[in-house]
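What follows is input-v4.cif (mmCIF, C-alpha atoms and all ligand atoms).
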data_start
#
loop_
_atom_site.label_atom_id
_atom_site.label_comp_id
_atom_site.auth_asym_id
_atom_site.auth_seq_id
_atom_site.Cartn_x
_atom_site.Cartn_y
_atom_site.Cartn_z
CA MET A 1346 34.66 -120.25 32.21
CA GLN A 1347 36.76 -122.80 30.36
CA ILE A 1348 39.93 -123.85 32.17
CA THR A 1349 42.71 -125.63 30.27
CA GLN A 1350 46.11 -127.03 31.17
CA THR A 1351 49.29 -125.83 29.49
CA PRO A 1352 52.56 -127.71 28.87
CA LEU A 1353 53.90 -126.33 32.19
CA ASN A 1354 52.83 -127.84 35.51
CA ASP A 1355 50.16 -125.77 37.32
CA VAL A 1356 50.01 -123.02 34.65
CA LEU A 1357 46.38 -122.68 33.53
CA ILE A 1358 44.45 -120.78 30.88
CA PHE A 1359 41.07 -119.33 31.89
CA GLU A 1360 38.68 -118.40 29.08
CA PRO A 1361 35.50 -116.63 30.17
CA LYS A 1362 32.23 -117.32 28.40
CA VAL A 1363 31.28 -114.19 26.49
CA PHE A 1364 27.59 -113.27 26.13
CA GLY A 1365 27.23 -110.95 23.16
CA ASP A 1366 24.03 -109.06 22.39
CA GLU A 1367 22.93 -105.90 20.62
CA ARG A 1368 24.28 -103.80 23.52
CA GLY A 1369 27.78 -105.25 23.38
CA PHE A 1370 28.96 -108.14 25.60
CA PHE A 1371 29.04 -109.45 29.14
CA MET A 1372 31.53 -111.84 30.76
CA GLU A 1373 32.49 -112.97 34.23
CA THR A 1374 36.23 -112.27 34.46
CA PHE A 1375 36.86 -113.80 37.92
CA ARG A 1376 35.08 -116.20 40.24
CA ALA A 1377 36.74 -117.04 43.55
CA ASP A 1378 35.10 -120.49 43.75
CA LEU A 1379 36.33 -121.72 40.34
CA PHE A 1380 39.68 -120.05 40.81
CA THR A 1381 40.38 -121.65 44.21
CA GLU A 1382 39.10 -125.04 43.08
CA SER A 1383 41.47 -125.11 40.09
CA THR A 1384 44.57 -123.41 41.54
CA GLY A 1385 44.39 -124.22 45.26
CA VAL A 1386 45.02 -120.53 45.99
CA GLN A 1387 42.60 -119.02 48.49
CA THR A 1388 43.05 -115.29 48.07
CA LEU A 1389 44.27 -112.69 45.62
CA VAL A 1390 45.25 -109.52 47.45
CA GLN A 1391 46.56 -106.97 44.93
CA ASP A 1392 45.26 -105.78 41.55
CA ASN A 1393 47.65 -104.14 39.05
CA HIS A 1394 47.10 -102.31 35.77
CA SER A 1395 49.80 -101.16 33.34
CA LYS A 1396 49.78 -99.62 29.87
CA SER A 1397 52.65 -100.04 27.42
CA ARG A 1398 53.56 -99.09 23.87
CA GLN A 1399 54.29 -101.53 21.07
CA GLY A 1400 57.75 -103.03 21.38
CA ILE A 1401 57.89 -102.72 25.19
CA LEU A 1402 58.94 -105.87 27.03
CA ARG A 1403 58.35 -106.09 30.80
CA GLY A 1404 60.07 -109.00 32.52
CA LEU A 1405 61.01 -111.62 33.29
CA HIS A 1406 60.07 -110.87 36.91
CA TYR A 1407 59.47 -112.69 40.17
CA GLN A 1408 59.80 -112.11 43.93
CA LEU A 1409 61.85 -114.38 46.19
CA GLU A 1410 59.84 -113.38 49.26
CA HIS A 1411 56.10 -112.76 49.25
CA THR A 1412 56.17 -114.94 46.16
CA GLN A 1413 53.29 -113.99 43.91
CA GLY A 1414 50.91 -116.05 41.84
CA LYS A 1415 49.40 -113.81 39.13
CA LEU A 1416 46.18 -114.06 37.15
CA VAL A 1417 46.96 -111.94 34.09
CA ARG A 1418 44.92 -110.61 31.17
CA VAL A 1419 44.78 -107.85 28.60
CA THR A 1420 41.98 -105.27 28.49
CA GLN A 1421 43.21 -103.39 25.42
CA GLY A 1422 45.47 -104.57 22.60
CA SER A 1423 47.59 -107.72 22.56
CA VAL A 1424 50.75 -109.07 24.14
CA TYR A 1425 52.88 -112.19 23.98
CA ASP A 1426 52.97 -113.46 27.54
CA VAL A 1427 55.69 -115.78 28.87
CA VAL A 1428 56.19 -117.81 32.03
CA VAL A 1429 59.27 -119.74 33.18
CA ASP A 1430 59.14 -122.54 35.75
CA LEU A 1431 61.77 -121.82 38.45
CA ARG A 1432 60.73 -124.66 40.80
CA GLN A 1433 63.53 -127.24 40.92
CA SER A 1434 61.15 -129.93 42.19
CA SER A 1435 58.92 -129.53 39.12
CA SER A 1436 59.25 -131.84 36.10
CA THR A 1437 58.92 -128.72 33.90
CA PHE A 1438 61.69 -126.82 35.75
CA GLY A 1439 63.62 -124.50 33.38
CA GLN A 1440 60.95 -124.65 30.67
CA SER A 1441 59.07 -121.65 29.33
CA PHE A 1442 55.62 -121.28 27.82
CA GLY A 1443 54.25 -118.35 25.84
CA LEU A 1444 50.89 -117.42 24.35
CA GLU A 1445 49.06 -114.43 22.97
CA LEU A 1446 46.75 -112.62 25.39
CA SER A 1447 44.49 -110.13 23.66
CA VAL A 1448 41.25 -108.25 24.01
CA GLN A 1449 39.98 -110.46 21.17
CA ASN A 1450 40.77 -113.87 22.68
CA ASN A 1451 39.91 -112.87 26.29
CA LYS A 1452 42.41 -115.41 27.60
CA GLN A 1453 43.69 -115.15 31.15
CA LEU A 1454 46.85 -116.92 32.27
CA TRP A 1455 47.40 -118.24 35.78
CA VAL A 1456 51.10 -117.80 36.63
CA PRO A 1457 51.67 -119.73 39.87
CA ALA A 1458 54.17 -118.72 42.57
CA GLY A 1459 57.61 -120.01 41.63
CA PHE A 1460 57.49 -118.76 38.04
CA ALA A 1461 59.14 -115.80 36.33
CA HIS A 1462 56.76 -113.78 34.18
CA GLY A 1463 57.03 -111.24 31.38
CA PHE A 1464 55.24 -109.91 28.32
CA TYR A 1465 55.96 -108.18 25.02
CA VAL A 1466 53.48 -105.70 23.49
CA THR A 1467 52.54 -106.58 19.90
CA SER A 1468 49.69 -104.06 19.38
CA GLU A 1469 50.11 -100.27 19.13
CA THR A 1470 49.45 -100.05 22.87
CA ALA A 1471 48.29 -102.62 25.41
CA GLU A 1472 46.70 -102.43 28.83
CA PHE A 1473 47.62 -105.29 31.14
CA VAL A 1474 45.59 -106.12 34.24
CA TYR A 1475 46.40 -108.73 36.88
CA LYS A 1476 45.52 -110.01 40.30
CA CYS A 1477 48.29 -111.17 42.65
CA SER A 1478 48.31 -113.67 45.53
CA ASP A 1479 50.78 -111.62 47.60
CA TYR A 1480 51.90 -108.01 47.88
CA TYR A 1481 54.60 -106.19 45.94
CA HIS A 1482 57.98 -106.70 47.63
CA PRO A 1483 60.60 -104.77 45.62
CA GLN A 1484 63.43 -105.75 47.99
CA SER A 1485 63.25 -109.36 46.80
CA GLU A 1486 62.40 -108.73 43.16
CA VAL A 1487 64.49 -110.47 40.50
CA SER A 1488 64.61 -109.82 36.75
CA ILE A 1489 65.90 -112.49 34.37
CA LEU A 1490 67.09 -111.31 30.96
CA TRP A 1491 64.44 -111.62 28.25
CA ASN A 1492 67.00 -113.04 25.81
CA ASP A 1493 68.66 -115.50 28.15
CA PRO A 1494 70.52 -118.06 26.02
CA ASP A 1495 69.41 -121.08 28.07
CA LEU A 1496 65.73 -120.12 27.99
CA ASN A 1497 65.90 -119.21 24.28
CA ILE A 1498 62.36 -117.73 24.25
CA GLU A 1499 60.97 -117.04 20.78
CA TRP A 1500 59.48 -113.56 21.25
CA PRO A 1501 57.37 -112.47 18.23
CA LEU A 1502 59.33 -109.23 17.83
CA VAL A 1503 57.58 -106.63 15.67
CA ASN A 1504 59.71 -105.91 12.56
CA GLY A 1505 62.44 -108.00 14.19
CA ASP A 1506 63.20 -105.04 16.48
CA VAL A 1507 65.02 -105.22 19.80
CA PRO A 1508 62.41 -104.69 22.55
CA ALA A 1509 62.38 -101.60 24.74
CA LEU A 1510 63.20 -102.39 28.38
CA SER A 1511 63.25 -100.63 31.76
CA GLU A 1512 66.71 -99.85 33.18
CA LYS A 1513 66.14 -102.65 35.70
CA ASP A 1514 65.34 -105.19 33.00
CA LYS A 1515 68.34 -104.17 30.86
CA VAL A 1516 70.60 -105.43 33.63
CA GLY A 1517 68.62 -108.56 34.48
CA CYS A 1518 70.48 -111.72 35.45
CA LEU A 1519 71.03 -114.92 33.51
CA PHE A 1520 68.72 -117.85 34.16
CA LYS A 1521 71.67 -119.98 35.28
CA ASP A 1522 72.58 -117.40 37.97
CA ALA A 1523 69.00 -116.58 39.01
CA PRO A 1524 67.88 -117.73 42.46
CA LYS A 1525 65.53 -120.70 42.12
CA PHE A 1526 62.80 -122.23 44.28
CA ASP A 1527 62.95 -125.73 45.88
C1 LIG U 1601 54.95 -104.13 40.18
C2 LIG U 1601 54.72 -102.86 41.02
C3 LIG U 1601 55.38 -101.68 40.72
N1 LIG U 1601 55.18 -100.58 41.48
C4 LIG U 1601 55.88 -99.34 41.11
C5 LIG U 1601 57.40 -99.41 41.19
C6 LIG U 1601 57.87 -98.57 40.03
O1 LIG U 1601 58.06 -97.23 40.46
C7 LIG U 1601 56.74 -98.60 39.04
C8 LIG U 1601 57.02 -99.50 37.84
O2 LIG U 1601 57.44 -100.76 38.34
P1 LIG U 1601 58.07 -101.86 37.40
O3 LIG U 1601 59.03 -101.24 36.45
O4 LIG U 1601 58.62 -102.96 38.28
O5 LIG U 1601 56.80 -102.37 36.59
P2 LIG U 1601 56.67 -103.62 35.62
O6 LIG U 1601 57.93 -103.76 34.82
O7 LIG U 1601 55.39 -103.50 34.91
O8 LIG U 1601 56.62 -104.85 36.64
C9 LIG U 1601 55.69 -105.90 36.46
O9 LIG U 1601 56.13 -106.67 35.35
C10 LIG U 1601 55.33 -107.82 35.07
C11 LIG U 1601 55.99 -108.56 33.94
C12 LIG U 1601 55.06 -108.65 36.27
O10 LIG U 1601 54.99 -109.87 36.23
C13 LIG U 1601 54.72 -107.91 37.51
O11 LIG U 1601 54.69 -108.75 38.64
C14 LIG U 1601 55.63 -106.74 37.73
O12 LIG U 1601 56.93 -107.21 38.06
O13 LIG U 1601 55.58 -99.05 39.74
C15 LIG U 1601 54.35 -100.60 42.56
O14 LIG U 1601 54.18 -99.57 43.27
N2 LIG U 1601 53.69 -101.75 42.87
C16 LIG U 1601 53.84 -102.89 42.15
O15 LIG U 1601 53.21 -103.94 42.45
#

Please lay out the structure from this file as structure tokens.
Amino acid sequence: MQITQTPLNDVLIFEPKVFGDERGFFMETFRADLFTESTGVQTLVQDNHSKSRQGILRGLHYQLEHTQGKLVRVTQGSVYDVVVDLRQSSSTFGQSFGLELSVQNNKQLWVPAGFAHGFYVTSETAEFVYKCSDYYHPQSEVSILWNDPDLNIEWPLVNGDVPALSEKDKVGCLFKDAPKFD
């Protein structure tokens, strides 16, 4: 497993070593020892799996209570994945970082607690799988608008289209009005 830093504090990329042979491939996708050593997080308690069509954008989400760190990856297709640092004490507060996660590159992104997270599906369909450090808490969930003018995220929109959003994400809040972390 190769672990690399990103431009945002505490956001890490995990790249498993892939062993290919005539049968196909093998890779370790998660090891608690390496994970805890590099993130400081002891336990991941919930696994999620979603499937989306091309042009779907989910995000930018976070929970104010039961704040979740998320170890995210793609098991089919490709997405553009984005994180936003909402921690006012962080030197990268207010900055975003995006990268492609795909079944080809096998990259996993560690999204620490205190970040908003979202992704846009660039392949025909994509399956998205992630482990979370705390449980779903819809009462404290916040959605920030994908096209917030202050964040100015460069989504790689297919054919320049407007992304398809859930009703909740259509009425997301602006970054400037979003509740932040200390
Ligand atoms: C996230 C989640 C949703 N649900 C339910 C609620 C709802 O009926 C249905 C779909 O929920 P949503 O529309 O919120 O799903 P989705 O838009 O995929 O939400 C996810 O987006 C990405 C970007 C994240 O970072 C995740 O943490 C999560 O917020 O699934 C759960 O039961 N448990 C969960 O953990």

Distance query A:Ser1478 at most 9 Å, only C-alpha atoms, self and fewer than 4 positions along chain excluded, as a PyMOL selection string: chain A and resi 1386-1391+1411-1416+1457-1458

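Residue nearest ligand LIG 1601 (chain U), chosen from A:Asp1392, A:Glu1469, A:Glu1410, A:Asp1355 and counting all atoms listed in the file: A:Asp1392.
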
Pick from A:Asp1527, A:Val1356, A:Gln1399, A:Ile1498, whichever lies nearest to A:Val1456 using all atoms listed in the file: A:Val1356

Using all atoms listed in the file: which of A:Gln1449, A:Gly1439, A:Val1507, A:Val1466 has the shortest distance to A:Asp1495: A:Gly1439

Expected selection as a PyMOL selection string for ligand LIG 1601 (chain U) within 10 Å, all atoms listed in the file: chain A and resi 1391-1397+1401-1408+1412-1417+1426-1428+1456+1460-1465+1473-1477+1479-1483+1486-1488+1510-1514

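For A:Ala1523, the non-local neighbours within 8 Å, defined as residues at least 3 positions apart in the same chain or in other chains and counting all atoms listed in the file, are Val1487, Ile1489, Cys1518, Leu1519 and Phe1520 of chain A.
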
Hey, can you spit out that residue selection with C-alpha atoms as a PDB file, in the coordinates of the input?
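part_20.pdb, written as the output of this step:
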ATOM      1  CA  VAL A1487      64.490-110.470  40.500  1.00  0.00           C
ATOM      2  CA  ILE A1489      65.900-112.490  34.370  1.00  0.00           C
ATOM      3  CA  CYS A1518      70.480-111.720  35.450  1.00  0.00           C
ATOM      4  CA  LEU A1519      71.030-114.920  33.510  1.00  0.00           C
ATOM      5  CA  PHE A1520      68.720-117.850  34.160  1.00  0.00           C
TER       6      PHE A1520
END

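Of the listed residues A:Asp1366, A:Asp1430, A:Glu1382, A:Glu1499, the one whose atoms come nearest to A:Gly1443 is A:Glu1499, with distances taken using all atoms listed in the file.
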
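Across A:Asn1504, A:Asn1492, A:Asn1354, A:Ser1423, the tightest approach to A:Lys1452 is made by A:Ser1423 when counting all atoms listed in the file.
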
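Of note, atom CA of A:Asn1497 and atom CA of A:Thr1470 are spaced 25.3 Å apart.
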
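Proximity to A:Leu1357 was assessed for A:Val1419, A:Ser1485, A:Phe1371, A:Gln1453 counting all atoms listed in the file; the smallest distance is recorded for A:Gln1453.
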
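Our summary of the geometry notes that atom CA of A:Phe1526 is positioned 20.7 Å from atom CA of A:Leu1454.
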
Pairwise distance for atom CA of A:Met1346 and atom CA of A:Glu1373, rounded to one decimal in Å: 7.9 Å
